[in-house]
file coords21.txt (compact mmCIF, C-alpha atoms)
# COMPACT_ATOMS: atom_id res chain seq x y z
CA MET A 1 2.54 -7.14 -19.18
CA ASN A 2 0.97 -4.31 -21.16
CA ARG A 3 -1.86 -1.94 -20.20
CA GLU A 4 -4.59 -4.14 -21.68
CA ASP A 5 -3.27 -7.23 -19.88
CA ALA A 6 -3.16 -5.36 -16.57
CA LEU A 7 -6.71 -4.05 -16.95
CA GLU A 8 -7.95 -7.50 -17.95
CA GLN A 9 -6.26 -9.13 -14.97
CA SER A 10 -7.61 -6.48 -12.59
CA ASP A 11 -11.17 -6.81 -13.95
CA LYS A 12 -10.96 -10.60 -13.76
CA ALA A 13 -9.69 -10.50 -10.16
CA LEU A 14 -12.50 -8.12 -9.15
CA ALA A 15 -15.13 -10.31 -10.82
CA GLU A 16 -13.76 -13.41 -9.07
CA LEU A 17 -13.71 -11.54 -5.75
CA ALA A 18 -17.33 -10.47 -6.20
CA ALA A 19 -18.32 -14.02 -7.13
CA GLU A 20 -16.65 -15.43 -4.00
CA LEU A 21 -18.29 -12.89 -1.73
CA LYS A 22 -21.67 -13.56 -3.36
CA ALA A 23 -21.10 -17.27 -2.69
CA GLY A 24 -20.41 -16.55 0.98
CA LYS A 25 -16.63 -16.92 0.86
CA SER A 26 -14.24 -14.24 2.13
CA GLU A 27 -10.81 -15.87 1.69
CA ALA A 28 -9.93 -13.85 -1.42
CA LEU A 29 -10.88 -10.57 0.23
CA ILE A 30 -8.79 -11.41 3.30
CA LYS A 31 -5.86 -12.01 0.94
CA TYR A 32 -6.35 -8.59 -0.63
CA LEU A 33 -6.75 -6.89 2.76
CA ASP A 34 -3.48 -8.52 3.85
CA THR A 35 -1.81 -7.17 0.71
CA MET A 36 -3.37 -3.76 1.41
CA SER A 37 -1.77 -3.78 4.87
CA GLN A 38 1.64 -4.11 3.19
CA PHE A 39 1.00 -1.63 0.37
CA HIS A 40 -1.56 0.81 1.74
CA SER A 41 -0.19 3.68 -0.37
CA TYR A 42 -1.13 1.80 -3.55
CA SER A 43 -4.64 1.87 -5.03
CA PHE A 44 -6.76 -1.17 -4.33
CA GLY A 45 -6.53 -2.09 -8.01
CA ASN A 46 -2.73 -2.19 -7.75
CA CYS A 47 -2.98 -4.17 -4.51
CA MET A 48 -4.99 -6.75 -6.45
CA LEU A 49 -2.41 -6.82 -9.24
CA ILE A 50 0.44 -7.33 -6.75
CA ALA A 51 -1.47 -10.06 -4.90
CA CYS A 52 -2.31 -11.86 -8.14
CA GLN A 53 1.25 -11.82 -9.49
CA MET A 54 3.23 -12.28 -6.25
CA PRO A 55 1.17 -13.06 -3.13
CA THR A 56 4.35 -13.22 -1.01
CA ALA A 57 5.52 -9.68 -1.85
CA THR A 58 6.47 -7.53 1.15
CA ILE A 59 8.35 -4.46 -0.16
CA VAL A 60 8.20 -3.40 -3.81
CA ALA A 61 9.96 -0.66 -5.77
CA GLY A 62 10.99 0.13 -9.30
CA PHE A 63 14.37 -0.77 -10.81
CA SER A 64 15.83 2.72 -10.33
CA ARG A 65 14.52 3.04 -6.78
CA TRP A 66 16.17 -0.24 -5.77
CA LYS A 67 19.40 0.99 -7.33
CA LYS A 68 19.30 4.15 -5.20
CA LEU A 69 18.85 1.95 -2.13
CA GLY A 70 21.99 0.00 -3.04
CA ARG A 71 20.15 -3.07 -4.23
CA PHE A 72 19.91 -4.54 -7.72
CA VAL A 73 17.29 -6.68 -9.41
CA LYS A 74 18.55 -10.23 -9.91
CA LYS A 75 19.10 -11.34 -13.47
CA GLY A 76 16.07 -13.02 -15.00
CA GLU A 77 13.56 -11.72 -12.46
CA LYS A 78 10.14 -10.83 -13.86
CA GLY A 79 8.64 -7.52 -12.78
CA ILE A 80 5.23 -7.08 -11.17
CA GLY A 81 3.04 -5.00 -13.47
CA ILE A 82 0.99 -2.22 -11.86
CA MET A 83 -0.85 0.83 -13.22
CA ALA A 84 0.77 4.25 -12.90
CA PRO A 85 -0.97 7.55 -13.74
CA LEU A 86 0.10 9.70 -16.67
CA ILE A 87 0.19 13.28 -15.42
CA GLY A 88 0.38 16.33 -17.63
CA LYS A 89 -0.58 19.98 -17.73
CA LYS A 90 -3.94 21.20 -18.91
CA LYS A 91 -4.95 24.75 -19.75
CA ALA A 92 -6.90 26.46 -16.99
CA ASP A 93 -10.61 26.93 -17.68
CA ALA A 94 -10.36 30.70 -17.32
CA GLU A 95 -7.85 33.06 -18.86
CA PRO A 96 -5.54 34.85 -16.37
CA GLU A 97 -6.72 38.37 -15.64
CA ASP A 98 -3.24 39.83 -16.05
CA GLY A 99 -2.99 38.61 -19.62
CA LYS A 100 0.15 36.61 -18.92
CA THR A 101 0.88 33.12 -20.23
CA GLU A 102 -2.00 30.76 -19.63
CA ASP A 103 -1.90 28.88 -16.36
CA LYS A 104 -1.84 25.14 -16.68
CA LYS A 105 -3.07 22.58 -14.18
CA LYS A 106 -1.60 19.13 -13.74
CA VAL A 107 -4.16 16.43 -14.41
CA VAL A 108 -4.25 12.66 -14.82
CA TYR A 109 -4.99 11.94 -18.46
CA GLY A 110 -4.41 8.19 -18.55
CA PHE A 111 -2.55 5.22 -17.12
CA ARG A 112 0.35 3.06 -18.17
CA VAL A 113 1.92 -0.13 -16.90
CA VAL A 114 5.12 0.11 -14.89
CA HIS A 115 7.01 -2.76 -13.33
CA VAL A 116 8.12 -3.06 -9.73
CA PHE A 117 10.12 -5.77 -8.01
CA ASP A 118 9.80 -7.32 -4.58
CA VAL A 119 12.77 -7.15 -2.24
CA SER A 120 13.12 -10.95 -2.60
CA GLN A 121 13.92 -10.34 -6.29
CA THR A 122 16.86 -8.09 -5.43
CA GLU A 123 20.26 -8.37 -3.82
CA GLY A 124 22.76 -5.91 -2.37
CA GLU A 125 22.94 -3.71 0.70
CA ASP A 126 20.70 -4.46 3.68
CA LEU A 127 17.66 -2.22 3.95
CA PRO A 128 17.18 -0.04 7.03
CA ASP A 129 14.83 -1.57 9.58
CA LEU A 130 11.44 -0.28 8.47
CA ASP A 131 9.44 -2.49 10.84
CA LEU A 132 7.40 -0.59 13.39
CA GLU A 133 8.23 -3.30 15.96
CA VAL A 134 4.67 -3.78 17.16
CA SER A 135 3.43 -7.23 18.09
CA GLY A 136 0.33 -7.68 20.19
CA ASP A 137 0.79 -4.44 22.14
CA PRO A 138 0.53 -1.15 20.23
CA GLY A 139 2.77 0.64 22.74
CA GLU A 140 3.20 4.32 21.87
CA LYS A 141 1.03 3.85 18.78
CA LEU A 142 -2.04 4.01 21.02
CA MET A 143 -1.08 7.46 22.30
CA GLN A 144 -0.27 8.57 18.75
CA LEU A 145 -3.69 7.32 17.63
CA GLU A 146 -5.37 9.23 20.44
CA ALA A 147 -3.49 12.35 19.35
CA LEU A 148 -4.63 11.76 15.76
CA VAL A 149 -8.24 11.57 16.92
CA ALA A 150 -7.82 14.89 18.75
CA SER A 151 -6.13 16.52 15.75
CA ASN A 152 -9.26 15.76 13.72
CA GLY A 153 -11.33 17.72 16.22
CA ILE A 154 -12.91 14.57 17.65
CA LEU A 155 -13.50 14.25 21.38
CA LEU A 156 -12.42 10.95 22.95
CA SER A 157 -13.52 9.44 26.24
CA TYR A 158 -13.23 6.05 27.93
CA GLU A 159 -16.39 4.95 29.71
CA ALA A 160 -17.69 2.04 31.77
CA GLU A 161 -19.70 -0.74 30.11
CA CYS A 162 -23.01 0.61 31.40
CA GLU A 163 -22.45 3.81 29.41
CA LEU A 164 -21.97 1.96 26.10
CA GLY A 165 -24.91 -0.43 26.27
CA GLY A 166 -22.74 -3.48 25.67
CA ALA A 167 -20.75 -2.00 22.75
CA LEU A 168 -16.96 -1.85 22.76
CA GLY A 169 -16.99 1.60 21.21
CA LEU A 170 -19.28 4.20 19.70
CA SER A 171 -18.88 6.90 17.06
CA LYS A 172 -21.20 9.82 17.71
CA GLY A 173 -20.23 12.34 15.06
CA GLY A 174 -17.43 14.43 16.54
CA LYS A 175 -17.08 12.21 19.59
CA ILE A 176 -15.76 8.68 20.17
CA VAL A 177 -16.45 6.62 23.28
CA VAL A 178 -14.46 3.44 24.01
CA LEU A 179 -14.90 0.87 26.76
CA ASP A 180 -12.39 1.69 29.49
CA SER A 181 -11.74 -1.92 30.53
CA LEU A 182 -10.22 -3.00 27.19
CA GLU A 183 -6.56 -4.05 27.06
CA SER A 184 -4.30 -1.85 24.95
CA GLY A 185 -4.40 -4.03 21.81
CA SER A 186 -8.20 -4.21 21.76
CA ARG A 187 -8.45 -0.55 22.70
CA PHE A 188 -6.27 0.37 19.72
CA SER A 189 -8.32 -1.76 17.30
CA VAL A 190 -11.66 -0.43 18.56
CA LEU A 191 -10.40 3.15 18.40
CA VAL A 192 -9.27 2.68 14.77
CA HIS A 193 -12.70 1.20 13.99
CA GLU A 194 -14.53 4.18 15.47
CA LEU A 195 -12.14 6.69 13.88
CA ALA A 196 -12.84 5.03 10.52
CA HIS A 197 -16.54 5.70 11.07
CA GLU A 198 -15.79 9.36 11.78
CA LEU A 199 -13.64 9.70 8.66
CA MET A 200 -15.79 7.71 6.24
CA HIS A 201 -19.37 7.78 7.44
CA ARG A 202 -20.17 11.30 8.65
CA GLY A 203 -20.64 12.84 5.23
CA ASP A 204 -22.70 12.00 2.16
CA ARG A 205 -21.69 8.33 2.27
CA ARG A 206 -23.68 7.78 5.44
CA SER A 207 -26.94 8.07 3.53
CA GLU A 208 -25.52 6.13 0.59
CA THR A 209 -24.56 3.03 2.60
CA THR A 210 -26.29 0.59 4.90
CA LYS A 211 -25.32 0.11 8.54
CA THR A 212 -23.96 -3.34 7.66
CA VAL A 213 -21.67 -1.93 4.97
CA ARG A 214 -20.50 0.88 7.28
CA GLU A 215 -19.64 -1.57 10.05
CA THR A 216 -17.86 -3.87 7.62
CA GLU A 217 -15.82 -1.02 6.14
CA ALA A 218 -14.77 0.23 9.59
CA GLU A 219 -13.79 -3.28 10.65
CA ALA A 220 -11.79 -3.72 7.44
CA VAL A 221 -9.90 -0.47 8.11
CA ALA A 222 -9.10 -1.66 11.64
CA TYR A 223 -7.92 -4.99 10.23
CA VAL A 224 -5.61 -3.36 7.67
CA VAL A 225 -4.13 -0.87 10.17
CA CYS A 226 -3.56 -3.48 12.88
CA LYS A 227 -2.14 -5.99 10.41
CA SER A 228 0.22 -3.37 8.99
CA LEU A 229 1.52 -2.60 12.49
CA GLY A 230 2.06 -6.26 13.32
CA LEU A 231 -0.82 -6.51 15.78
CA GLU A 232 -2.85 -9.66 16.19
CA CYS A 233 -6.07 -9.42 14.21
CA GLY A 234 -9.04 -11.11 15.79
CA SER A 235 -11.56 -9.81 13.28
CA LYS A 236 -14.64 -11.83 12.43
CA THR A 237 -13.44 -12.33 8.87
CA ALA A 238 -16.65 -13.95 7.68
CA ASP A 239 -18.39 -10.60 8.18
CA TYR A 240 -16.43 -9.15 5.26
CA ILE A 241 -18.82 -10.99 2.96
CA GLN A 242 -21.33 -8.24 3.76
CA ILE A 243 -19.26 -5.65 1.92
CA TYR A 244 -20.57 -6.97 -1.38
CA SER A 245 -23.99 -5.59 -2.26
CA GLY A 246 -24.34 -7.02 -5.75
CA ASP A 247 -22.54 -4.27 -7.65
CA GLU A 248 -18.87 -4.71 -8.61
CA LYS A 249 -18.38 -0.97 -9.13
CA LEU A 250 -19.69 -0.18 -5.65
CA LEU A 251 -17.55 -2.99 -4.23
CA MET A 252 -14.45 -1.45 -5.79
CA GLN A 253 -15.38 2.00 -4.48
CA SER A 254 -15.90 0.60 -0.99
CA LEU A 255 -12.54 -1.16 -1.03
CA GLU A 256 -10.83 2.00 -2.23
CA PHE A 257 -12.43 3.95 0.64
CA ILE A 258 -11.08 1.30 3.03
CA ARG A 259 -7.59 1.55 1.54
CA SER A 260 -7.43 5.34 1.51
CA THR A 261 -8.73 5.64 5.08
CA ALA A 262 -6.33 2.99 6.39
CA SER A 263 -3.48 4.64 4.47
CA SER A 264 -4.31 8.04 5.96
CA ILE A 265 -4.28 6.65 9.51
CA LEU A 266 -1.06 4.69 8.99
CA SER A 267 0.70 7.64 7.35
CA SER A 268 -0.28 9.90 10.26
CA LEU A 269 1.01 7.36 12.79
CA LYS A 270 4.27 7.02 10.87
CA THR A 271 4.66 10.82 10.75
CA ALA A 272 4.06 11.02 14.49
CA GLU A 273 6.74 8.37 15.06
CA VAL A 274 9.28 10.28 12.96
CA GLU A 275 8.50 13.54 14.77
CA GLU A 276 8.96 11.89 18.16
CA LEU A 277 12.32 10.50 17.09
CA SER A 278 13.37 13.95 15.86
CA ASP A 279 12.34 15.57 19.13
CA ALA A 280 14.31 12.99 21.09
CA ALA A 281 17.48 13.47 19.00

call {"tool": "encode", "arguments": {"input": "coords21.txt", "output": "structure tokens"}}
result
Amino acid sequence: MNREDALEQSDKALAELAAELKAGKSEALIKYLDTMSQFHSYSFGNCMLIACQMPTATIVAGFSRWKKLGRFVKKGEKGIGIMAPLIGKKKADAEPEDGKTEDKKKVVYGFRVVHVFDVSQTEGEDLPDLDLEVSGDPGEKLMQLEALVASNGILLSYEAECELGGALGLSKGGKIVVLDSLESGSRFSVLVHELAHELMHRGDRRSETTKTVRETEAEAVAYVVCKSLGLECGSKTADYIQIYSGDEKLLMQSLEFIRSTASSILSSLKTAEVEELSDAA
């Protein structure tokens, strides 16, 4: 696959996704959200490319990376083409005051296709257990999520139903309120949903989006995070249809906001887990 093929496939997948959502179908988007839960550090465009070429992929890496992990790509296996940025140095806009050699800034000046391989396409040494071992009950992840909320300067409280007016949770701009009677799994999901609102919808985007889109984006973030951690996802998947507002460019931007927010939350939770293990050692 070359660069033009990758771009064509990505554009085609996005157009088909938009057409399905416009027709009231959300199956394709659920597939991409599931892929996003596995590869949240990849752009949404690359998630689409992975899902299109190998829907069953779980862990991907380049040829050299697999080699460093003691695994080798099986003979005859076809790589999964994704887009990688070309990064180079650019002259600074202003000349240095000291007259020394011009400073140069690293910038993305283009993209190229690179190929990665799923773990199923490799053989060799067993990988370390990377599973977060969460199924149904978030366990310590709930406390780590609460700590993440606090680290963002957001107040968190658990209140009775009468204080929430029938809602499971509320985002109030610097404060999150969650229903105190929720079981841990639901509490975790609702808290992710409300944190997503705080991270995505308290700036300029609030006035640029409708309430329906904001709710759909927050629910999608909760879905991706919970799915990535192995939690049961009871999301009303049909609601994801509302994320499409008739503009493919805006749809792509919305999905990228979902991915980056979910990735930020998951990365923070993973960092917290590593720090706890280090403290216990």

call {"tool": "atom_distance", "arguments": {"input": "coords21.txt", "atom1": "CA of Tyr244 in chain A", "atom2": "CA of Gly110 in chain A"}}
result
28.0 Å

call {"tool": "atom_distance", "arguments": {"input": "coords21.txt", "atom1": "CA of Gly246 in chain A", "atom2": "CA of Pro55 in chain A"}}
result
26.3 Å

call {"tool": "atom_distance", "arguments": {"input": "coords21.txt", "atom1": "CA of Pro85 in chain A", "atom2": "CA of Leu255 in chain A"}}
result
19.3 Å

call {"tool": "closest_residue", "arguments": {"input": "coords21.txt", "among": "A:Val221, A:Arg259, A:Ala6, A:Phe72", "to": "Tyr42 in chain A", "atoms": "only C-alpha atoms"}}
result
A:Arg259

call {"tool": "closest_residue", "arguments": {"input": "coords21.txt", "among": "A:Leu127, A:Ala57, A:Val107, A:Met83", "to": "Gln9 in chain A", "atoms": "all atoms listed in the file"}}
result
A:Met83

call {"tool": "residues_around", "arguments": {"input": "coords21.txt", "residues": "Leu168 in chain A", "least_positions_apart": "5", "cutoff": "7 Å", "atoms": "only C-alpha atoms", "output": "list in words"}}
result
Val178, Leu179 and Val190 of chain A

call {"tool": "closest_residue", "arguments": {"input": "coords21.txt", "among": "A:Val116, A:Ile50, A:Leu229, A:Val213", "to": "Ser254 in chain A", "atoms": "all atoms listed in the file"}}
result
A:Val213

call {"tool": "residues_around", "arguments": {"input": "coords21.txt", "residues": "Tyr32 in chain A", "least_positions_apart": "2", "cutoff": "8 Å", "atoms": "only C-alpha atoms", "output": "PDB file with C-alpha atoms, in the frame of the given file"}}
result
ATOM      1  CA  ALA A  28      -9.930 -13.850  -1.420  1.00  0.00           C
ATOM      2  CA  LEU A  29     -10.880 -10.570   0.230  1.00  0.00           C
ATOM      3  CA  ILE A  30      -8.790 -11.410   3.300  1.00  0.00           C
ATOM      4  CA  ASP A  34      -3.480  -8.520   3.850  1.00  0.00           C
ATOM      5  CA  THR A  35      -1.810  -7.170   0.710  1.00  0.00           C
ATOM      6  CA  MET A  36      -3.370  -3.760   1.410  1.00  0.00           C
ATOM      7  CA  CYS A  47      -2.980  -4.170  -4.510  1.00  0.00           C
ATOM      8  CA  MET A  48      -4.990  -6.750  -6.450  1.00  0.00           C
ATOM      9  CA  ALA A  51      -1.470 -10.060  -4.900  1.00  0.00           C
TER      10      ALA A  51
END

call {"tool": "closest_residue", "arguments": {"input": "coords21.txt", "among": "A:Lys175, A:His193, A:Arg202, A:Lys75", "to": "Thr216 in chain A", "atoms": "all atoms listed in the file"}}
result
A:His193

call {"tool": "build_atoms", "arguments": {"input": "coords21.txt", "residues": "range 205-232 of chain A", "atoms": "N, CA and C atoms", "output": "tab-separated table (two decimals), keeping the file's coordinate frame"}}
result
chain	number	residue	atom	x	y	z
A	205	ARG	N	-21.67	9.78	2.38
A	205	ARG	CA	-21.69	8.33	2.27
A	205	ARG	C	-22.58	7.67	3.32
A	206	ARG	N	-22.84	8.38	4.41
A	206	ARG	CA	-23.68	7.78	5.44
A	206	ARG	C	-25.07	7.43	4.89
A	207	SER	N	-25.61	8.33	4.09
A	207	SER	CA	-26.94	8.07	3.53
A	207	SER	C	-26.89	7.16	2.32
A	208	GLU	N	-25.68	6.96	1.79
A	208	GLU	CA	-25.52	6.13	0.59
A	208	GLU	C	-25.18	4.69	0.92
A	209	THR	N	-24.96	4.37	2.20
A	209	THR	CA	-24.56	3.03	2.60
A	209	THR	C	-25.48	2.51	3.70
A	210	THR	N	-25.52	1.20	3.83
A	210	THR	CA	-26.29	0.59	4.90
A	210	THR	C	-25.42	0.48	6.15
A	211	LYS	N	-26.06	0.27	7.29
A	211	LYS	CA	-25.32	0.11	8.54
A	211	LYS	C	-24.36	-1.07	8.45
A	212	THR	N	-24.80	-2.14	7.80
A	212	THR	CA	-23.96	-3.34	7.66
A	212	THR	C	-22.69	-3.03	6.88
A	213	VAL	N	-22.83	-2.30	5.77
A	213	VAL	CA	-21.67	-1.93	4.97
A	213	VAL	C	-20.75	-1.01	5.76
A	214	ARG	N	-21.32	-0.06	6.49
A	214	ARG	CA	-20.50	0.88	7.28
A	214	ARG	C	-19.70	0.13	8.34
A	215	GLU	N	-20.34	-0.80	9.02
A	215	GLU	CA	-19.64	-1.57	10.05
A	215	GLU	C	-18.55	-2.44	9.43
A	216	THR	N	-18.85	-3.02	8.29
A	216	THR	CA	-17.86	-3.87	7.62
A	216	THR	C	-16.66	-3.07	7.15
A	217	GLU	N	-16.92	-1.88	6.60
A	217	GLU	CA	-15.82	-1.02	6.14
A	217	GLU	C	-14.94	-0.60	7.32
A	218	ALA	N	-15.56	-0.20	8.42
A	218	ALA	CA	-14.77	0.23	9.59
A	218	ALA	C	-13.95	-0.92	10.13
A	219	GLU	N	-14.52	-2.12	10.16
A	219	GLU	CA	-13.79	-3.28	10.65
A	219	GLU	C	-12.63	-3.62	9.72
A	220	ALA	N	-12.86	-3.46	8.41
A	220	ALA	CA	-11.79	-3.72	7.44
A	220	ALA	C	-10.64	-2.74	7.61
A	221	VAL	N	-10.95	-1.47	7.86
A	221	VAL	CA	-9.90	-0.47	8.11
A	221	VAL	C	-9.10	-0.86	9.35
A	222	ALA	N	-9.79	-1.24	10.42
A	222	ALA	CA	-9.10	-1.66	11.64
A	222	ALA	C	-8.21	-2.86	11.38
A	223	TYR	N	-8.70	-3.79	10.57
A	223	TYR	CA	-7.92	-4.99	10.23
A	223	TYR	C	-6.65	-4.61	9.49
A	224	VAL	N	-6.77	-3.76	8.48
A	224	VAL	CA	-5.61	-3.36	7.67
A	224	VAL	C	-4.59	-2.62	8.52
A	225	VAL	N	-5.05	-1.65	9.33
A	225	VAL	CA	-4.13	-0.87	10.17
A	225	VAL	C	-3.41	-1.77	11.17
A	226	CYS	N	-4.17	-2.60	11.87
A	226	CYS	CA	-3.56	-3.48	12.88
A	226	CYS	C	-2.60	-4.47	12.24
A	227	LYS	N	-3.00	-5.03	11.11
A	227	LYS	CA	-2.14	-5.99	10.41
A	227	LYS	C	-0.85	-5.32	9.96
A	228	SER	N	-0.96	-4.10	9.45
A	228	SER	CA	0.22	-3.37	8.99
A	228	SER	C	1.19	-3.10	10.12
A	229	LEU	N	0.68	-2.89	11.34
A	229	LEU	CA	1.52	-2.60	12.49
A	229	LEU	C	1.99	-3.86	13.22
A	230	GLY	N	1.60	-5.02	12.71
A	230	GLY	CA	2.06	-6.26	13.32
A	230	GLY	C	1.23	-6.70	14.51
A	231	LEU	N	0.04	-6.12	14.68
A	231	LEU	CA	-0.82	-6.51	15.78
A	231	LEU	C	-1.64	-7.74	15.42
A	232	GLU	N	-1.99	-8.51	16.42
A	232	GLU	CA	-2.85	-9.66	16.19
A	232	GLU	C	-4.21	-9.17	15.74
